[in-house]
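Chemist: Below you'll find the structure I mean.
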Amino acid sequence: MKLFDHQLTLKSDIYKGWQDHRNVMAVLPTGGGKTVVFSDIIKDCDRPSVAIAHRQELVGQMAMALARQGVAHRVIGPKSLVKLVVSSQIEELGTHFHNPNARCAVAGVDTLIRREKEMGAWFNQVGLWVIDEGHHVVRSNKWGNATTLFPNAYGLGVTATPTRADGQGLGSHADGVFDTMVEGPQMRWLIDNKFLCDYRIFAPPSDLDLSTVNTTASGEFSPKPLKKAVSSSSVIGNVVEHYLRIAKGKQGITFATDVDTATDIAKQFRAAGVAAEVVSGTTPDAVRAEIIRRFRRKELQQLVNVDLFGEGFDVPGIEVVSFARPTQSYGLYSQQFGRALRTAPGKTHAIIIDHVGNVARFNGPPDKERDWSLDRREKRPKMKKDEDDIPLRVCTECLMPYERTKVTCPTCGNVPVPDNRSKPEFVDGDLYELDAEALAAMRGEVAKVNDPASVVRGMERAHAPSVAINSFKKNAGRRIEALDALKESMAWWALYQREAGRSDQESYRLFYHMFGMDVLTAQALGRPEAIELADRINNKLGAMK
């Protein structure tokens with residue numbers, strides 16, 4: 001299989017990383033061809049190598065990736081797994097590349113750790129280890145322990161999302177083992193250049209209540225309370241209803257919280273005439289392989305799964321993804337989303353149906369530009385808000401989410417009507433939407449700031465001490481100077497928005513969500529607050545140039 005230019009560039013960057021470092025992390029979005037790149041690197045390797053899957057059921061998929069590149073390999077695992085690998089390759093390729101004497105081996109991480117004593121001599125000969133889904137690897141866990149089995153090897157981790165919900169850093173200077181990171185193009189570039197397809201998101205209204213669901217040490221929702229919250233909501237029924245309404249007849253994956261819930265969803269799919277099966281990590285290898293073959297043959301329309309297909313699994317033919325499992329892991333969200341983005345003949349776009357608020361939780365789809373790092377970040381149960389992340393609203397007519405800076409739904413043109421117009425927070429800071437009384441009161445506050453003379457006259461009538469009057473004059477003058485500077489920064493910011501094609505309403509809304517206040521309130525700030533806001537606006541303007 002020939003590599004595309006962006007894959008060749010990533011491969012070259014990996015080799016450059018090894019010139020000065022031992023372990024390299026390579027980043028490429030779901031569907032960008034990570035397995036193709038690392039398989040080609042293994043093909044080049046003239047020393048023993050090992051490709052490590054983070055779950056036993058993914059060993060066969062890594063072996064298939066190597067087979068597609070014509071790489072002979074052996075499987076470290078039970079005979080049943082070897083048999084499954086060989087039969088799968090023969091079915092897809094007409095032959096197999098399994099060779100018990102091959103330099104390259106494929107194994108699950110748990111198998112390698114269990115066989116440390118019996119295979120120690122071979123481990124010492126290994127010159128390259130590769131771990132798919134490399135964001136799992138930190139020194140303190142089993143993946144980190146597995147890397148220490150190969151003291152004479154270079155290391156490569158590949159992932160779409162080099163981030164962890166628990167905040168641990170993947171760098172060797174932090175909590176991980178990787179000395180440097182190289183990045184391929186991001187998801188939006190792959191979409192724009194037709195390596196992935198575009199998408200449409202639907203977010204049906206939901207009564208799911210996560211307020212009582214706690215967060216585990218790993219940064220994810222706690223499984224038992226999460227299962228209870230989902231089963232107590234209308235999510236299970238909504239999955240089937242909205243699939244039939246939005247994507248009937250298309251092949252899809254539904255991500256569920258647990259096996260019981262997945263079984264219930266699949267049962268409701270079948271009752272509605274949709275061929276569906278449940279697949280989970282506990283499904284026997286042979287059964288799972290047969291279910292996927294049936295899906296590939298289009299005998300099934302829905303795979304309802306638990307903890308599969310989000311990471312590592314390459315399931316062809318996905319046209320629609322239904323989120324029935326909330327997550328706080330950006331990596332999991334991004335990879336589950338990406339399962340639907342692979343291109344196919346006649347496929348114009350993917351469909352994402354979000355029943356659990358994942359898109360809103362992460363402030364939009366995963367094709368936004370991301371700044372990745374191997375550094376540790378502060379552990380926190382909720383994502384820190386970035387001022388560039390604009391919250392979303394869901395159109396009540398077409399169910400498409402869109403940024404709250406938009407006055408109308410960009411998909412269907414529906415104009416949302418505010419329930420309350422008495423305060424800026426009810427109208428996204430849009431002064432056009434405020435009622436007359438509220439607007440007049442806010443303008444009055446601005447007028448007071450700009451008319452200190454009237455305050456001075458009042459103080460004189462009250463026979464205030466001259467020292468107090470002089471102090472007020474001095475402070476008022478300094479405040480007005482700061483506010484004048486702020487107004488100038490705001491004027492430049494507004495000009496930039498007009499040049500970008502935004503209306504005044506959109507500009508008001510963007511200002512409100514980016515800086516946390518409406519433009520009138522900003523003009524009545526105290527001196528320190530005005531200086532701080534002007535600095536933020538100026539920094540933003542500098543970044544825009």
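In the structure tokens, the first chain shown is A, the next is B, and so on; residue numbers restart at 1 for each chain, and ligands run from 1 in the order shown.
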Please identify all polymer residues within 8 Å of Pro48 of chain A, counting only C-alpha atoms, omitting same-chain residues fewer than 4 positions from it, and present them as an mmCIF file with N, CA and C atoms, in the first residue's frame.
Modeler:
data_model
loop_
_atom_site.group_PDB
_atom_site.id
_atom_site.type_symbol
_atom_site.label_atom_id
_atom_site.label_comp_id
_atom_site.auth_asym_id
_atom_site.auth_seq_id
_atom_site.Cartn_x
_atom_site.Cartn_y
_atom_site.Cartn_z
ATOM 1 N N ARG A 103 10.587 -11.753 12.071
ATOM 2 C CA ARG A 103 11.230 -10.820 13.003
ATOM 3 C C ARG A 103 10.207 -10.001 13.765
ATOM 4 N N CYS A 104 9.096 -9.676 13.103
ATOM 5 C CA CYS A 104 8.072 -8.819 13.704
ATOM 6 C C CYS A 104 7.051 -9.672 14.449
ATOM 7 N N ALA A 105 6.679 -9.227 15.633
ATOM 8 C CA ALA A 105 5.650 -9.907 16.425
ATOM 9 C C ALA A 105 4.533 -8.920 16.740
ATOM 10 N N GLN A 125 16.495 -8.511 22.388
ATOM 11 C CA GLN A 125 16.898 -8.358 20.992
ATOM 12 C C GLN A 125 16.034 -7.348 20.232
ATOM 13 N N VAL A 126 14.868 -7.046 20.763
ATOM 14 C CA VAL A 126 13.929 -6.173 20.061
ATOM 15 C C VAL A 126 14.536 -4.787 19.869
ATOM 16 N N GLY A 127 14.472 -4.299 18.646
ATOM 17 C CA GLY A 127 15.024 -2.978 18.341
ATOM 18 C C GLY A 127 13.975 -1.894 18.185
ATOM 19 N N LEU A 128 12.691 -2.297 18.127
ATOM 20 C CA LEU A 128 11.611 -1.315 17.954
ATOM 21 C C LEU A 128 10.335 -1.856 18.565
#
Chemist: DSSP on the backbone: what in segment 160-323 of chain A comes out helix (DSSP H, G or I), as JSON, numbers by chain?
Modeler: {"A": [187, 188, 189, 190, 191, 192, 223, 224, 225, 226, 227, 228, 229, 230, 231, 235, 236, 237, 238, 239, 240, 241, 242, 243, 244, 245, 246, 259, 260, 261, 262, 263, 264, 265, 266, 267, 268, 269, 270, 271, 285, 286, 287, 288, 289, 290, 291, 292, 293, 294, 295, 296]}
Chemist: Would you write out those residues with C-alpha atoms, as a CSV table (one decimal), in the first residue's frame?
Modeler:
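What ended up in again.csv:
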chain,number,residue,atom,x,y,z
A,187,MET,CA,-8.7,16.6,11.2
A,188,ARG,CA,-10.1,19.6,9.3
A,189,TRP,CA,-7.2,19.5,6.8
A,190,LEU,CA,-7.9,15.8,6.2
A,191,ILE,CA,-11.6,16.7,5.6
A,192,ASP,CA,-10.9,19.6,3.3
A,223,PRO,CA,-19.7,3.8,35.4
A,224,LYS,CA,-22.4,2.7,37.8
A,225,PRO,CA,-24.0,6.2,38.4
A,226,LEU,CA,-23.6,6.8,34.7
A,227,LYS,CA,-25.5,3.7,33.8
A,228,LYS,CA,-28.3,4.6,36.2
A,229,ALA,CA,-28.5,8.2,34.8
A,230,VAL,CA,-28.8,7.0,31.2
A,231,SER,CA,-31.3,4.2,32.0
A,235,VAL,CA,-31.9,8.3,25.8
A,236,ILE,CA,-32.4,4.6,25.0
A,237,GLY,CA,-35.7,5.1,23.2
A,238,ASN,CA,-34.5,8.3,21.5
A,239,VAL,CA,-31.5,6.5,19.9
A,240,VAL,CA,-33.9,4.3,17.8
A,241,GLU,CA,-36.4,7.0,17.2
A,242,HIS,CA,-34.0,9.6,15.8
A,243,TYR,CA,-31.9,7.0,13.8
A,244,LEU,CA,-35.2,6.1,12.0
A,245,ARG,CA,-36.0,9.8,11.5
A,246,ILE,CA,-32.6,11.1,10.5
A,259,VAL,CA,-23.8,-4.2,28.1
A,260,ASP,CA,-27.3,-4.1,29.6
A,261,THR,CA,-28.0,-0.8,28.1
A,262,ALA,CA,-26.5,-1.8,24.7
A,263,THR,CA,-28.7,-5.0,24.8
A,264,ASP,CA,-31.8,-2.9,25.4
A,265,ILE,CA,-31.0,-0.5,22.6
A,266,ALA,CA,-30.3,-3.4,20.2
A,267,LYS,CA,-33.6,-5.0,21.2
A,268,GLN,CA,-35.5,-1.8,20.4
A,269,PHE,CA,-33.6,-1.5,17.1
A,270,ARG,CA,-34.7,-5.0,16.1
A,271,ALA,CA,-38.3,-4.4,17.2
A,285,ASP,CA,-13.2,-13.1,19.4
A,286,ALA,CA,-14.8,-15.5,16.8
A,287,VAL,CA,-18.3,-14.2,17.5
A,288,ARG,CA,-17.2,-10.6,17.3
A,289,ALA,CA,-15.3,-11.2,14.0
A,290,GLU,CA,-18.4,-12.9,12.5
A,291,ILE,CA,-20.6,-9.9,13.6
A,292,ILE,CA,-18.2,-7.5,11.9
A,293,ARG,CA,-18.2,-9.6,8.8
A,294,ARG,CA,-22.0,-9.5,8.7
A,295,PHE,CA,-21.8,-5.7,9.1
A,296,ARG,CA,-19.3,-5.5,6.3
Chemist: Please list as a list in words every residue within 10 Å of segment 110-120 of chain A, counting only C-alpha atoms and excluding residues in the same chain fewer than 4 positions away.
Modeler: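 In the requested form, the answer reads Val50, Ile52, Ala53, His54, Arg55, Gln56, Ile76, Gly77, Pro78, Val106, Asn124, Gln125, Lys142, Trp143, Asn145, Ala146, Thr147, Leu149 and Phe150 of chain A.
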Chemist: In Å, with one decimal, what is the gap from atom CA of Ala217 of chain A to atom CA of Ser329 of chain A?
Modeler: 12.4 Å
Chemist: Report the distance between atom CA of Glu488 of chain A and atom CA of Lys474 of chain A in Å, rounded to one decimal place.
Modeler: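 That distance, rounded to one decimal, is 21.6 Å.
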Chemist: Just the residues within 12 Å of Arg536 of chain A, please, counting only C-alpha atoms, with nothing from its chain fewer than 6 positions along; format it as a PyMOL selection string.
Modeler: chain A and resi 387+486+489-490+493+511+514-516+529-530+542-543
Chemist: Suppose we keep C-alpha atoms; can you now write the selection as a PDB file, in the first residue's frame?
Modeler:
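Writing the result to result.pdb gives the following:
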ATOM      1  CA  GLU A 387     -12.222  32.070  25.676  1.00  0.00           C
ATOM      2  CA  LEU A 486     -10.589  50.418  26.372  1.00  0.00           C
ATOM      3  CA  SER A 489      -9.410  48.767  21.690  1.00  0.00           C
ATOM      4  CA  MET A 490     -13.071  47.803  21.422  1.00  0.00           C
ATOM      5  CA  TRP A 493     -11.962  44.854  17.635  1.00  0.00           C
ATOM      6  CA  PHE A 511     -17.624  39.847  22.416  1.00  0.00           C
ATOM      7  CA  MET A 514     -15.178  35.729  24.369  1.00  0.00           C
ATOM      8  CA  PHE A 515     -14.686  38.319  27.108  1.00  0.00           C
ATOM      9  CA  GLY A 516     -17.455  37.460  29.555  1.00  0.00           C
ATOM     10  CA  GLU A 529     -10.914  46.031  35.236  1.00  0.00           C
ATOM     11  CA  ALA A 530     -10.853  48.335  32.187  1.00  0.00           C
ATOM     12  CA  GLY A 542      -2.426  40.791  17.996  1.00  0.00           C
ATOM     13  CA  ALA A 543      -3.146  37.092  17.538  1.00  0.00           C
TER      14      ALA A 543
END
Chemist: Report as a PyMOL selection string: the residues of segment 27-191 of chain A with a DSSP assignment of strand (DSSP E or B), based on the backbone of this structure.
Modeler: chain A and resi 27+49-53+73-76+98+104-108+128-132+154-159+171+178+180-183
Chemist: Smallest atom-to-atom distance to Ile42 of chain A: which of A:Lys16, A:His73, A:Arg361, A:His135, using only C-alpha atoms?
Modeler: A:His73
Chemist: Provide the atom CA of Ser234 of chain A to atom CA of Thr215 of chain A distance in Å, to one decimal place.
Modeler: 22.3 Å
Chemist: Measuring between only C-alpha atoms, which one of A:Gln89, A:His96, A:Gly33, A:Tyr402 shows the shortest distance to Asp5 of chain A?
Modeler: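 Using only C-alpha atoms, Asp5 of chain A sits closest to A:Gly33.
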Chemist: I want to know what sits within 12 Å of Ser454 of chain A, based on only C-alpha atoms, with residues of the same chain fewer than 5 positions away left out; could you give that as a list in words?
Modeler: Ala447, Lys448, Val449, Met459, Glu460, Arg461, Ile469, Phe472, Lys473 and Ala476 of chain A
Chemist: Write the residues of the preceding selection, restricted to C-alpha atoms, as a JSON list (two decimals), in the first residue's frame.
Modeler:
[["chain", "number", "residue", "atom", "x", "y", "z"],
["A", 447, "ALA", "CA", -23.42, 58.11, 31.17],
["A", 448, "LYS", "CA", -22.67, 58.46, 34.89],
["A", 449, "VAL", "CA", -19.10, 57.30, 34.36],
["A", 459, "MET", "CA", -20.68, 66.29, 46.57],
["A", 460, "GLU", "CA", -20.39, 70.09, 46.81],
["A", 461, "ARG", "CA", -24.07, 70.44, 47.59],
["A", 469, "ILE", "CA", -13.80, 65.96, 46.15],
["A", 472, "PHE", "CA", -12.74, 61.73, 43.43],
["A", 473, "LYS", "CA", -11.75, 64.05, 40.57],
["A", 476, "ALA", "CA", -12.48, 59.70, 38.02]]
Chemist: Using only C-alpha atoms, which residue out of A:Asp354, A:Glu183, A:Asp451, A:Glu319 lies closest to Arg339 of chain A?
Modeler: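 Closest residue, counting only C-alpha atoms: A:Glu319.
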Chemist: In terms of the shortest atom-to-atom distance over only C-alpha atoms, which of A:Thr396, A:Ser334, A:Thr254, A:Gln301 is closest to Ser280 of chain A?
Modeler: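 Between A:Thr396, A:Ser334, A:Thr254, A:Gln301, the residue approaching Ser280 of chain A most closely is A:Thr254.
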